[in-house]
$ cat upload.cif   # mmCIF, C-alpha atoms and all ligand atoms
data_work
loop_
_atom_site.label_atom_id
_atom_site.label_comp_id
_atom_site.auth_asym_id
_atom_site.auth_seq_id
_atom_site.Cartn_x
_atom_site.Cartn_y
_atom_site.Cartn_z
CA MET J 1 -63.68 -18.89 -8.80
CA PRO J 2 -63.59 -15.44 -10.25
CA ASP J 3 -65.04 -13.78 -7.15
CA GLY J 4 -62.80 -15.50 -4.74
CA THR J 5 -59.85 -14.80 -6.96
CA MET J 6 -60.78 -11.20 -7.08
CA ARG J 7 -61.08 -11.00 -3.34
CA ASP J 8 -57.76 -12.80 -2.87
CA ASP J 9 -56.07 -10.38 -5.19
CA PHE J 10 -57.66 -7.50 -3.39
CA ASP J 11 -56.61 -8.87 0.02
CA ASN J 12 -53.11 -9.52 -1.22
CA SER J 13 -52.65 -6.09 -2.64
CA LEU J 14 -53.99 -4.61 0.56
CA ARG J 15 -51.56 -6.66 2.60
CA MET J 16 -48.69 -5.70 0.33
CA ASP J 17 -49.59 -2.09 0.68
CA ARG J 18 -49.80 -2.34 4.41
CA ARG J 19 -46.39 -4.08 4.55
CA GLY J 20 -44.87 -1.46 2.25
CA PHE J 21 -46.35 1.23 4.41
CA ILE J 22 -44.93 -0.32 7.59
CA MET J 23 -41.53 -0.67 5.90
CA ARG J 24 -41.60 2.97 4.98
CA ILE J 25 -42.44 3.95 8.54
CA VAL J 26 -39.63 1.77 9.91
CA ALA J 27 -37.14 3.19 7.42
CA GLY J 28 -38.28 6.72 8.18
CA ALA J 29 -37.95 6.14 11.91
CA LEU J 30 -34.45 4.71 11.43
CA VAL J 31 -33.36 7.68 9.40
CA ALA J 32 -34.87 10.07 11.92
CA ALA J 33 -33.38 8.26 14.91
CA CYS J 34 -29.97 7.81 13.37
CA PRO J 35 -28.85 10.61 11.09
CA LEU J 36 -25.59 8.73 10.41
CA PHE J 37 -27.55 5.95 8.72
CA ALA J 38 -29.01 8.40 6.22
CA LYS J 39 -25.71 10.20 5.76
CA GLU J 40 -23.87 6.96 5.09
CA ALA J 41 -26.33 5.85 2.46
CA GLU J 42 -26.05 9.27 0.89
CA ALA J 43 -22.26 9.27 0.98
CA SER J 44 -21.82 5.80 -0.49
CA SER J 45 -24.05 6.70 -3.41
CA ARG J 46 -21.89 9.74 -3.97
CA ILE J 47 -18.62 7.94 -4.63
CA ILE J 48 -17.26 9.19 -7.92
CA ASP J 49 -15.79 6.52 -10.15
CA ILE J 50 -12.50 7.47 -11.77
CA ARG J 51 -11.46 4.54 -13.87
CA SER J 52 -7.73 3.97 -13.58
CA PRO J 53 -6.20 2.50 -16.76
CA LYS J 54 -4.67 -0.06 -14.38
CA ARG J 55 -8.13 -1.59 -13.92
CA ARG J 56 -7.55 -3.47 -17.14
CA THR J 57 -4.67 -5.51 -15.79
CA ARG J 58 -4.51 -5.52 -12.01
CA PRO J 59 -5.26 -8.83 -10.30
CA ARG J 60 -7.66 -9.28 -7.42
CA ARG J 61 -6.43 -8.88 -3.88
CA ALA J 62 -5.54 -12.15 -2.18
CA SER J 63 -7.57 -10.99 0.82
CA THR J 64 -8.86 -7.79 2.44
CA ARG J 65 -7.49 -7.71 5.96
CA PHE J 66 -6.30 -4.12 6.30
CA ILE J 67 -7.28 -0.60 5.38
CA ILE J 68 -4.17 1.53 4.95
CA LEU J 69 -4.48 5.31 5.26
CA HIS J 70 -2.19 7.65 3.36
CA THR J 71 -1.59 11.38 3.10
CA THR J 72 -0.56 12.66 -0.33
CA GLU J 73 1.82 15.36 1.05
CA SER J 74 0.65 17.48 -1.86
CA VAL J 75 -2.65 19.12 -2.66
CA SER J 76 -1.78 20.29 -6.14
CA PRO J 77 -4.49 19.86 -8.81
CA GLY J 78 -2.63 17.05 -10.61
CA THR J 79 -2.40 14.79 -7.55
CA LEU J 80 -5.69 12.96 -8.09
CA ASP J 81 -4.88 12.36 -11.78
CA THR J 82 -1.47 10.95 -10.95
CA ILE J 83 -2.94 8.54 -8.42
CA ALA J 84 -5.58 7.44 -10.92
CA ARG J 85 -3.09 6.98 -13.74
CA ARG J 86 -0.77 4.86 -11.62
CA GLY J 87 -3.44 3.02 -9.64
CA THR J 88 -1.71 3.83 -6.35
CA ALA J 89 -4.87 3.98 -4.24
CA SER J 90 -8.21 2.22 -4.06
CA TYR J 91 -9.97 5.44 -2.97
CA VAL J 92 -9.04 9.11 -2.76
CA ILE J 93 -10.69 11.79 -0.62
CA ASP J 94 -10.12 15.36 -1.74
CA GLN J 95 -10.06 18.45 0.46
CA GLY J 96 -13.73 19.19 -0.07
CA GLY J 97 -14.59 15.68 1.09
CA LYS J 98 -15.39 14.22 -2.34
CA THR J 99 -14.69 10.49 -2.46
CA TYR J 100 -13.27 8.89 -5.61
CA ARG J 101 -12.99 5.20 -6.40
CA ILE J 102 -9.86 4.52 -8.45
CA MET J 103 -9.64 0.73 -8.74
CA SER J 104 -12.54 -1.67 -8.85
CA ARG J 105 -13.62 -2.96 -5.43
CA THR J 106 -11.48 -6.06 -5.10
CA GLN J 107 -8.50 -5.08 -7.23
CA VAL J 108 -4.96 -4.50 -5.98
CA SER J 109 -3.87 -0.87 -5.61
CA ILE J 110 -0.17 -0.31 -5.16
CA GLY J 111 -0.03 2.20 -2.31
CA ALA J 112 1.90 0.62 0.54
CA GLY J 113 4.84 -0.78 -1.41
CA ARG J 114 7.47 -2.19 0.91
CA SER J 115 5.37 -3.07 3.91
CA MET J 116 5.06 -5.58 6.73
CA TRP J 117 2.66 -6.31 9.54
CA ASN J 118 3.06 -9.21 11.91
CA GLY J 119 5.40 -10.94 9.47
CA LEU J 120 3.06 -10.57 6.50
CA THR J 121 4.73 -8.55 3.74
CA ASN J 122 3.62 -6.74 0.61
CA LEU J 123 0.35 -5.66 2.18
CA ASP J 124 -1.02 -4.22 -1.07
CA ASN J 125 -2.21 -7.76 -1.79
CA HIS J 126 -4.23 -7.70 1.42
CA ALA J 127 -5.31 -4.09 1.85
CA ILE J 128 -7.53 -1.29 0.63
CA ASN J 129 -5.41 1.86 0.24
CA ILE J 130 -7.09 5.22 0.89
CA GLU J 131 -5.24 8.43 -0.05
CA VAL J 132 -6.32 11.62 1.71
CA LEU J 133 -5.22 14.84 0.07
CA GLY J 134 -3.22 16.44 2.85
CA TYR J 135 -0.23 16.11 5.12
CA HIS J 136 1.01 13.48 7.56
CA ASP J 137 1.16 15.92 10.52
CA ARG J 138 -2.09 17.83 10.01
CA LEU J 139 -5.66 16.87 10.73
CA PRO J 140 -7.66 16.66 7.48
CA SER J 141 -10.51 19.13 6.88
CA PRO J 142 -13.88 18.48 8.58
CA PRO J 143 -15.56 17.40 5.29
CA GLN J 144 -12.65 15.03 4.62
CA LEU J 145 -12.95 13.51 8.09
CA ALA J 146 -16.71 13.07 7.63
CA SER J 147 -16.29 11.40 4.23
CA LEU J 148 -13.47 9.19 5.44
CA ARG J 149 -15.54 8.16 8.44
CA ASN J 150 -18.41 7.15 6.15
CA LEU J 151 -16.19 5.31 3.72
CA LEU J 152 -14.39 3.47 6.52
CA SER J 153 -17.57 2.43 8.22
CA SER J 154 -18.95 0.95 5.03
CA LEU J 155 -15.69 -0.79 4.03
CA MET J 156 -15.07 -2.13 7.54
CA ARG J 157 -18.56 -3.59 7.57
CA SER J 158 -18.30 -5.07 4.05
CA TYR J 159 -14.93 -6.74 4.59
CA GLY J 160 -15.04 -7.38 8.33
CA VAL J 161 -12.00 -5.21 9.05
CA SER J 162 -11.65 -4.15 12.70
CA SER J 163 -10.48 -0.73 13.94
CA ARG J 164 -7.12 -2.23 14.85
CA ARG J 165 -6.51 -3.01 11.22
CA VAL J 166 -7.22 0.49 9.97
CA ILE J 167 -3.70 1.87 10.14
CA PRO J 168 -1.53 4.56 8.59
CA HIS J 169 1.00 3.68 5.92
CA SER J 170 3.85 4.74 8.22
CA GLN J 171 2.81 2.05 10.68
CA VAL J 172 3.38 -0.75 8.15
CA ALA J 173 6.12 0.66 5.87
CA TYR J 174 9.62 -0.59 6.50
CA GLY J 175 13.06 -0.04 5.06
CA ARG J 176 15.84 -2.42 4.19
CA PRO J 177 19.35 -1.88 5.52
CA ASN J 178 20.87 1.16 3.86
CA ARG J 179 23.28 4.00 4.28
CA TRP J 180 21.51 5.26 7.45
CA HIS J 181 20.32 2.08 9.08
CA ARG J 182 22.21 -1.14 9.36
CA ARG J 183 19.10 -3.23 9.95
CA SER J 184 15.67 -3.60 8.41
CA HIS J 185 13.68 -0.91 10.12
CA ARG J 186 10.33 0.70 10.84
CA GLY J 187 10.19 4.41 10.15
CA ARG J 188 10.91 4.59 6.45
CA LYS J 189 8.20 7.20 6.00
CA ARG J 190 5.64 9.18 7.98
CA CYS J 191 2.80 8.84 5.49
CA GLY J 192 -0.61 9.08 7.16
CA MET J 193 0.96 9.44 10.65
CA ILE J 194 -1.86 11.73 11.84
CA PHE J 195 -4.33 8.81 11.54
CA ALA J 196 -2.66 7.12 14.50
CA THR J 197 -3.53 9.98 16.86
CA ALA J 198 -6.36 9.75 19.36
CA THR J 199 -8.03 12.89 17.96
CA ALA J 200 -8.11 11.66 14.36
CA ARG J 201 -9.29 8.20 15.34
CA LYS J 202 -12.10 9.66 17.43
CA HIS J 203 -13.26 11.72 14.44
CA LEU J 204 -13.15 8.59 12.28
CA GLY J 205 -15.11 6.46 14.75
CA LEU J 206 -12.21 4.04 15.19
CA SER J 207 -12.53 2.46 18.60
CA SER J 208 -9.08 0.94 19.00
CA LYS J 209 -5.59 0.83 17.55
CA PRO J 210 -2.63 -1.53 17.73
CA GLY J 211 -0.97 -1.34 21.15
CA TYR J 212 2.46 -2.36 19.94
CA ASP J 213 4.38 -3.12 16.76
CA PRO J 214 4.42 -6.90 16.25
CA ASP J 215 7.43 -6.79 13.93
CA LEU J 216 9.52 -4.84 16.44
CA ARG J 217 8.51 -7.23 19.17
CA ALA J 218 9.54 -10.20 17.01
CA ARG J 219 12.80 -8.39 16.20
CA ARG J 220 12.16 -8.52 12.50
CA LEU J 221 12.60 -4.73 12.53
CA VAL J 222 14.18 -2.02 14.65
CA VAL J 223 12.93 1.54 15.31
CA ALA J 224 14.46 4.09 12.95
CA ASP J 225 12.23 7.09 13.72
CA ASP J 226 11.69 7.65 17.46
CA TYR J 227 9.27 10.52 16.95
CA LEU J 228 7.04 8.49 14.64
CA HIS J 229 7.17 5.61 17.10
CA ASP J 230 5.96 7.91 19.89
CA VAL J 231 3.06 9.11 17.75
CA LEU J 232 2.08 5.54 16.84
CA TYR J 233 2.43 3.99 20.29
CA GLY J 234 3.46 6.58 22.87
CA LYS J 235 2.06 9.67 24.58
CA ILE J 236 2.52 12.01 21.63
CA GLY J 237 -0.33 10.25 19.84
CA ASP J 238 -2.71 11.44 22.56
CA LEU J 239 -1.81 15.10 22.11
CA GLU J 240 -3.83 17.55 20.05
CA PRO J 241 -2.93 17.64 16.34
CA ALA J 242 -1.79 21.27 16.68
CA VAL J 243 0.94 20.13 19.08
CA ILE J 244 1.93 17.31 16.76
CA THR J 245 2.24 19.72 13.84
CA ALA J 246 4.42 22.02 15.95
CA GLN J 247 6.62 19.22 17.25
CA ALA J 248 7.14 17.22 14.09
CA THR J 249 10.60 17.61 12.68
CA PRO J 250 11.28 16.62 9.13
CA ALA J 251 12.37 13.00 9.01
CA ILE J 252 15.24 11.93 6.83
CA GLN J 253 13.56 11.22 3.53
CA GLU J 254 15.04 7.98 2.40
CA SER J 255 14.75 7.68 -1.31
CA GLU J 256 13.63 4.38 -2.76
CA ASP J 257 16.98 4.24 -4.54
CA GLU J 258 18.72 3.87 -1.23
CA ASP J 259 16.42 0.98 -0.44
CA LEU J 260 17.20 -0.65 -3.71
CA ALA J 261 20.04 -3.04 -3.04
CA VAL J 262 21.54 -2.60 -6.49
CA ARG J 263 24.73 -0.55 -6.38
CA THR J 264 26.86 0.71 -9.21
CA LEU J 265 30.60 0.24 -8.89
CA GLU J 266 32.41 3.51 -9.17
CA THR J 267 36.06 4.08 -10.02
CA GLY J 268 38.40 2.64 -7.47
CA GLN J 269 35.73 0.69 -5.62
CA THR J 270 35.90 -3.03 -5.15
CA VAL J 271 33.21 -5.70 -5.11
CA TRP J 272 34.09 -6.38 -1.47
CA GLU J 273 32.87 -2.95 -0.46
CA TYR J 274 29.45 -3.87 -1.80
CA ALA J 275 29.08 -7.57 -1.42
CA GLY J 276 31.64 -8.41 1.27
CA ASP J 277 32.05 -12.15 1.73
CA GLU J 278 29.03 -12.74 -0.44
CA TYR J 279 30.73 -11.60 -3.66
CA ALA J 280 30.81 -15.11 -5.18
CA GLN J 281 27.48 -16.37 -3.85
CA GLU J 282 24.65 -17.45 -6.09
CA THR J 283 22.51 -14.72 -4.48
CA THR J 284 24.87 -11.94 -5.57
CA ILE J 285 23.93 -10.90 -9.07
CA TYR J 286 26.22 -8.96 -11.36
CA LEU J 287 24.88 -6.72 -14.13
CA LEU J 288 27.99 -6.49 -16.28
CA SER J 289 28.58 -3.46 -18.42
CA ASP J 290 28.33 -5.56 -21.60
CA GLY J 291 24.72 -6.36 -20.73
CA ARG J 292 25.28 -9.87 -19.39
CA ILE J 293 23.69 -10.80 -16.06
CA ARG J 294 25.60 -13.40 -14.03
CA ARG J 295 25.44 -14.91 -10.56
CA GLY J 296 28.53 -14.64 -8.34
CA ASP J 297 29.02 -18.42 -8.29
CA GLU J 298 28.89 -18.56 -12.10
CA LEU J 299 31.55 -15.88 -12.40
CA LEU J 300 33.74 -17.72 -9.91
CA LEU J 301 33.55 -20.89 -12.06
CA GLU J 302 34.41 -18.83 -15.14
CA ASN J 303 37.54 -17.57 -13.33
CA PHE J 304 36.17 -14.07 -13.56
CA ASP J 305 38.61 -11.40 -12.44
CA PHE J 306 36.77 -9.89 -9.48
CA GLN J 307 39.77 -7.66 -8.70
CA SER J 308 39.65 -5.60 -11.87
CA ILE J 309 35.93 -5.50 -12.38
CA PRO J 310 34.98 -2.61 -14.69
CA GLN J 311 33.41 0.50 -13.26
CA GLY J 312 29.72 0.76 -14.08
CA THR J 313 29.11 -2.87 -13.13
CA ARG J 314 26.02 -3.12 -10.99
CA ILE J 315 25.72 -5.55 -8.12
CA ALA J 316 22.56 -6.82 -6.42
CA VAL J 317 23.19 -8.60 -3.13
CA GLY J 318 20.68 -11.02 -1.65
CA TYR J 319 18.60 -11.77 -4.74
CA VAL J 320 17.50 -14.95 -6.44
CA TYR J 321 18.08 -14.99 -10.18
CA GLY J 322 14.65 -15.62 -11.68
CA GLY J 323 15.63 -15.85 -15.34
CA TYR J 324 13.90 -14.43 -18.39
CA VAL J 325 10.28 -13.59 -18.94
CA THR J 326 8.92 -15.37 -22.02
CA LYS J 327 5.43 -15.78 -23.41
CA GLU J 328 5.02 -18.94 -21.35
CA ARG J 329 7.04 -17.77 -18.33
CA THR J 330 5.12 -14.81 -17.02
CA PRO J 331 6.35 -12.86 -13.96
CA TYR J 332 3.47 -14.38 -12.04
CA SER J 333 4.58 -17.91 -12.94
CA ILE J 334 8.12 -17.08 -11.71
CA VAL J 335 7.46 -15.24 -8.45
CA GLY J 336 3.73 -15.74 -7.84
CA LYS J 337 2.00 -13.05 -5.85
CA ASN J 338 5.30 -11.24 -5.30
CA TRP J 339 5.20 -9.97 -8.88
CA ASN J 340 4.40 -6.49 -7.55
CA ASN J 341 6.66 -6.65 -4.50
CA PRO J 342 9.09 -3.73 -4.35
CA ASP J 343 11.78 -6.33 -3.69
CA THR J 344 11.20 -7.93 -7.07
CA LEU J 345 13.39 -6.36 -9.75
CA TYR J 346 12.68 -6.23 -13.47
CA ILE J 347 15.67 -5.62 -15.72
CA THR J 348 15.10 -4.69 -19.36
CA ASP J 349 17.86 -3.27 -21.55
CA GLY J 350 19.87 -2.36 -18.47
CA LYS J 351 16.96 -0.46 -16.88
CA ILE J 352 15.82 -1.64 -13.46
CA LEU J 353 12.28 -1.29 -12.21
CA THR J 354 10.86 -2.56 -8.94
CA GLY J 355 7.70 -4.63 -8.74
CA ASP J 356 5.66 -1.64 -7.58
CA GLU J 357 6.90 0.51 -10.45
CA VAL J 358 6.58 -1.94 -13.26
CA ARG J 359 3.88 -1.34 -15.85
CA ASP J 360 2.02 -4.54 -15.26
CA GLU J 361 0.17 -4.42 -18.56
CA LYS J 362 3.39 -4.63 -20.52
CA ILE J 363 6.40 -6.52 -19.22
CA PRO J 364 8.50 -7.25 -22.30
CA VAL J 365 9.64 -10.75 -23.17
CA GLY J 366 13.34 -10.97 -22.35
CA THR J 367 13.03 -9.04 -19.08
CA VAL J 368 15.15 -10.62 -16.33
CA LEU J 369 13.62 -11.07 -12.90
CA LEU J 370 15.45 -10.91 -9.59
CA PHE J 371 13.58 -11.53 -6.36
CA ARG J 372 14.11 -11.99 -2.64
CA ARG J 373 13.41 -15.28 -1.02
ZN ZN I 1 1.52 6.32 1.77
#

$ encode --input "upload.cif" --output "structure tokens" --more "lines below"
Ligand SMILES: [Zn+2]
Amino acid sequence: MPDGTMRDDFDNSLRMDRRGFIMRIVAGALVAACPLFAKEAEASSRIIDIRSPKRRTRPRRASTRFIILHTTESVSPGTLDTIARRGTASYVIDQGGKTYRIMSRTQVSIGAGRSMWNGLTNLDNHAINIEVLGYHDRLPSPPQLASLRNLLSSLMRSYGVSSRRVIPHSQVAYGRPNRWHRRSHRGRKRCGMIFATATARKHLGLSSKPGYDPDLRARRLVVADDYLHDVLYGKIGDLEPAVITAQATPAIQESEDEDLAVRTLETGQTVWEYAGDEYAQETTIYLLSDGRIRRGDELLLENFDFQSIPQGTRIAVGYVYGGYVTKERTPYSIVGKNWNNPDTLYITDGKILTGDEVRDEKIPVGTVLLFRR
């Protein structure tokens, strides 16, 4: 009936209004009672999207189990652009506290590179990388800390990441045996070190941190930087940032080249100096100066003269020969999710790039892949 209908409509609209009104009161009370709530909502709406060209090609993360914090070690005006161009962070926070989103929410950013936590490697496939414009031994500016706190709280909630899994890059980076360290080691870099200190974590609202390094405990790695280790797990981490800044001594900066297990034979040097007993193994790969790429065992069968090997020959020890990239054989089909692992090598026309350097949108057919098992 028209009347009844009219009354129903009237009642309904009244009820709706009342409910809307109550909702507004509740929301208002929440905002008033909890200024953080309002601030967070405000901050998340203020994320500035900078579309990295890498968004076109990067795959999705396999999972989101970690948030890795970095310091850029440079505050020059070009830093943000460089990060965006290379897709080396998911988010960036500048000195004024502005937050930028570089990759889309679930896409891989290549920020951690060679990394390991509790036996899991190549954490870029499992982590959100946040770059803070600043230095590893200095507390970020108050607006940066506030923005980072807001961003963390919203990401931790969205992905179910606990405080213990919000860790600095230096805590998960590791180095392969090289000129300075005979064993695989923790302490390759100090990136983001300040975010392991009690003061920084308090500012960021992080309630806990890892109590020990699971990869050291399992003897997968050894300590290569005692000072860093004390900041991450010892008493130094509880000191004020000013003391940390004063105490920090420059660590040996290992270049990625030293990590790269490809060495070039120089005059007078023998293969034994590089490859030792492994010189004729199938996991020792020779990049001959004529452009051929051969495994040690193949060269042995060919009666190759290992004694008078030409200078300029490059040798990679401990790699699996993955063969050529073709239209059908993509890097992903050869090495799966390790396509962007820094231990995966791409060789094109004698040039070697690591998985984290490779331009993923364009890996030429004919590129040879080497990878670690
Ligand atoms: Zn870093």

$ closest_residue --input "upload.cif" --among "J:Gly175, J:Pro53, J:Gly78, J:Pro140" --to "Ile102 in chain J" --atoms "only C-alpha atoms"
J:Pro53

$ residues_near_ligand --input "upload.cif" --ligand "ligand ZN 1 (chain I)" --cutoff "12 Å" --atoms "only C-alpha atoms and all ligand atoms" --output "PyMOL selection string"
chain J and resi 67-74+83+88-89+92+109-115+124+128-136+167-174+188-195

$ residues_around --input "upload.cif" --residues "Ile347 in chain J" --least-positions-apart "4" --cutoff "9 Å" --atoms "all atoms listed in the file" --output "mmCIF file with C-alpha atoms, in the coordinates of the input"
data_model
loop_
_atom_site.group_PDB
_atom_site.id
_atom_site.type_symbol
_atom_site.label_atom_id
_atom_site.label_comp_id
_atom_site.auth_asym_id
_atom_site.auth_seq_id
_atom_site.Cartn_x
_atom_site.Cartn_y
_atom_site.Cartn_z
ATOM 1 C CA LYS J 351 16.960 -0.460 -16.880
ATOM 2 C CA ILE J 352 15.820 -1.640 -13.460
ATOM 3 C CA LEU J 353 12.280 -1.290 -12.210
ATOM 4 C CA THR J 354 10.860 -2.560 -8.940
ATOM 5 C CA GLY J 366 13.340 -10.970 -22.350
ATOM 6 C CA THR J 367 13.030 -9.040 -19.080
ATOM 7 C CA VAL J 368 15.150 -10.620 -16.330
ATOM 8 C CA LEU J 369 13.620 -11.070 -12.900
ATOM 9 C CA LEU J 370 15.450 -10.910 -9.590
#

$ closest_residue --input "upload.cif" --among "J:Pro210, J:Gly336, J:Gly268, J:Gly350" --to "Gln311 in chain J" --atoms "all atoms listed in the file"
J:Gly268

$ residues_around --input "upload.cif" --residues "Thr106 in chain J" --least-positions-apart "2" --cutoff "7 Å" --atoms "only C-alpha atoms" --output "list of chain:residue names"
J:Arg60, J:Arg61, J:Ser104, J:Val108

$ closest_residue --input "upload.cif" --among "J:Leu239, J:Val166, J:Ala246, J:Val358" --to "Ser208 in chain J" --atoms "only C-alpha atoms"
J:Val166

$ atom_distance --input "upload.cif" --atom1 "CA of Asn340 in chain J" --atom2 "CA of Val317 in chain J"
19.4 Å

$ atom_distance --input "upload.cif" --atom1 "CA of Ala146 in chain J" --atom2 "CA of Gly205 in chain J"
9.8 Å

$ residues_around --input "upload.cif" --residues "Ser163 in chain J" --least-positions-apart "4" --cutoff "7 Å" --atoms "all atoms listed in the file" --output "MDAnalysis selection string"
chainID J and resid 206:209

$ atom_distance --input "upload.cif" --atom1 "CA of Gly160 in chain J" --atom2 "CA of Arg65 in chain J"
7.9 Å

$ residues_around --input "upload.cif" --residues "Asn338 in chain J" --least-positions-apart "3" --cutoff "8 Å" --atoms "only C-alpha atoms" --output "VMD selection string"
chain J and resid 122 332 335 341 344 355

$ closest_residue --input "upload.cif" --among "J:Tyr324, J:Tyr346, J:Trp339, J:Phe306" --to "Val365 in chain J" --atoms "only C-alpha atoms"
J:Tyr324

$ residues_around --input "upload.cif" --residues "Val222 in chain J" --least-positions-apart "2" --cutoff "7 Å" --atoms "all atoms listed in the file" --output "list of chain:residue names"
J:Arg183, J:Ser184, J:His185, J:Arg186, J:Leu216, J:Arg219, J:Ala224

$ write_last_selection --input "upload.cif" --atoms "C-alpha atoms" --output "short mmCIF file (atom, residue, chain, number, x, y, z; two decimals), keeping the file's coordinate frame"
data_model
loop_
_atom_site.label_atom_id
_atom_site.label_comp_id
_atom_site.auth_asym_id
_atom_site.auth_seq_id
_atom_site.Cartn_x
_atom_site.Cartn_y
_atom_site.Cartn_z
CA ARG J 183 19.10 -3.23 9.95
CA SER J 184 15.67 -3.60 8.41
CA HIS J 185 13.68 -0.91 10.12
CA ARG J 186 10.33 0.70 10.84
CA LEU J 216 9.52 -4.84 16.44
CA ARG J 219 12.80 -8.39 16.20
CA ALA J 224 14.46 4.09 12.95
#

$ closest_residue --input "upload.cif" --among "J:Arg295, J:Arg85, J:Arg373, J:Arg101" --to "Ile50 in chain J" --atoms "all atoms listed in the file"
J:Arg101

$ closest_residue --input "upload.cif" --among "J:Arg138, J:Arg329, J:Lys337, J:Arg292" --to "Phe371 in chain J" --atoms "all atoms listed in the file"
J:Lys337
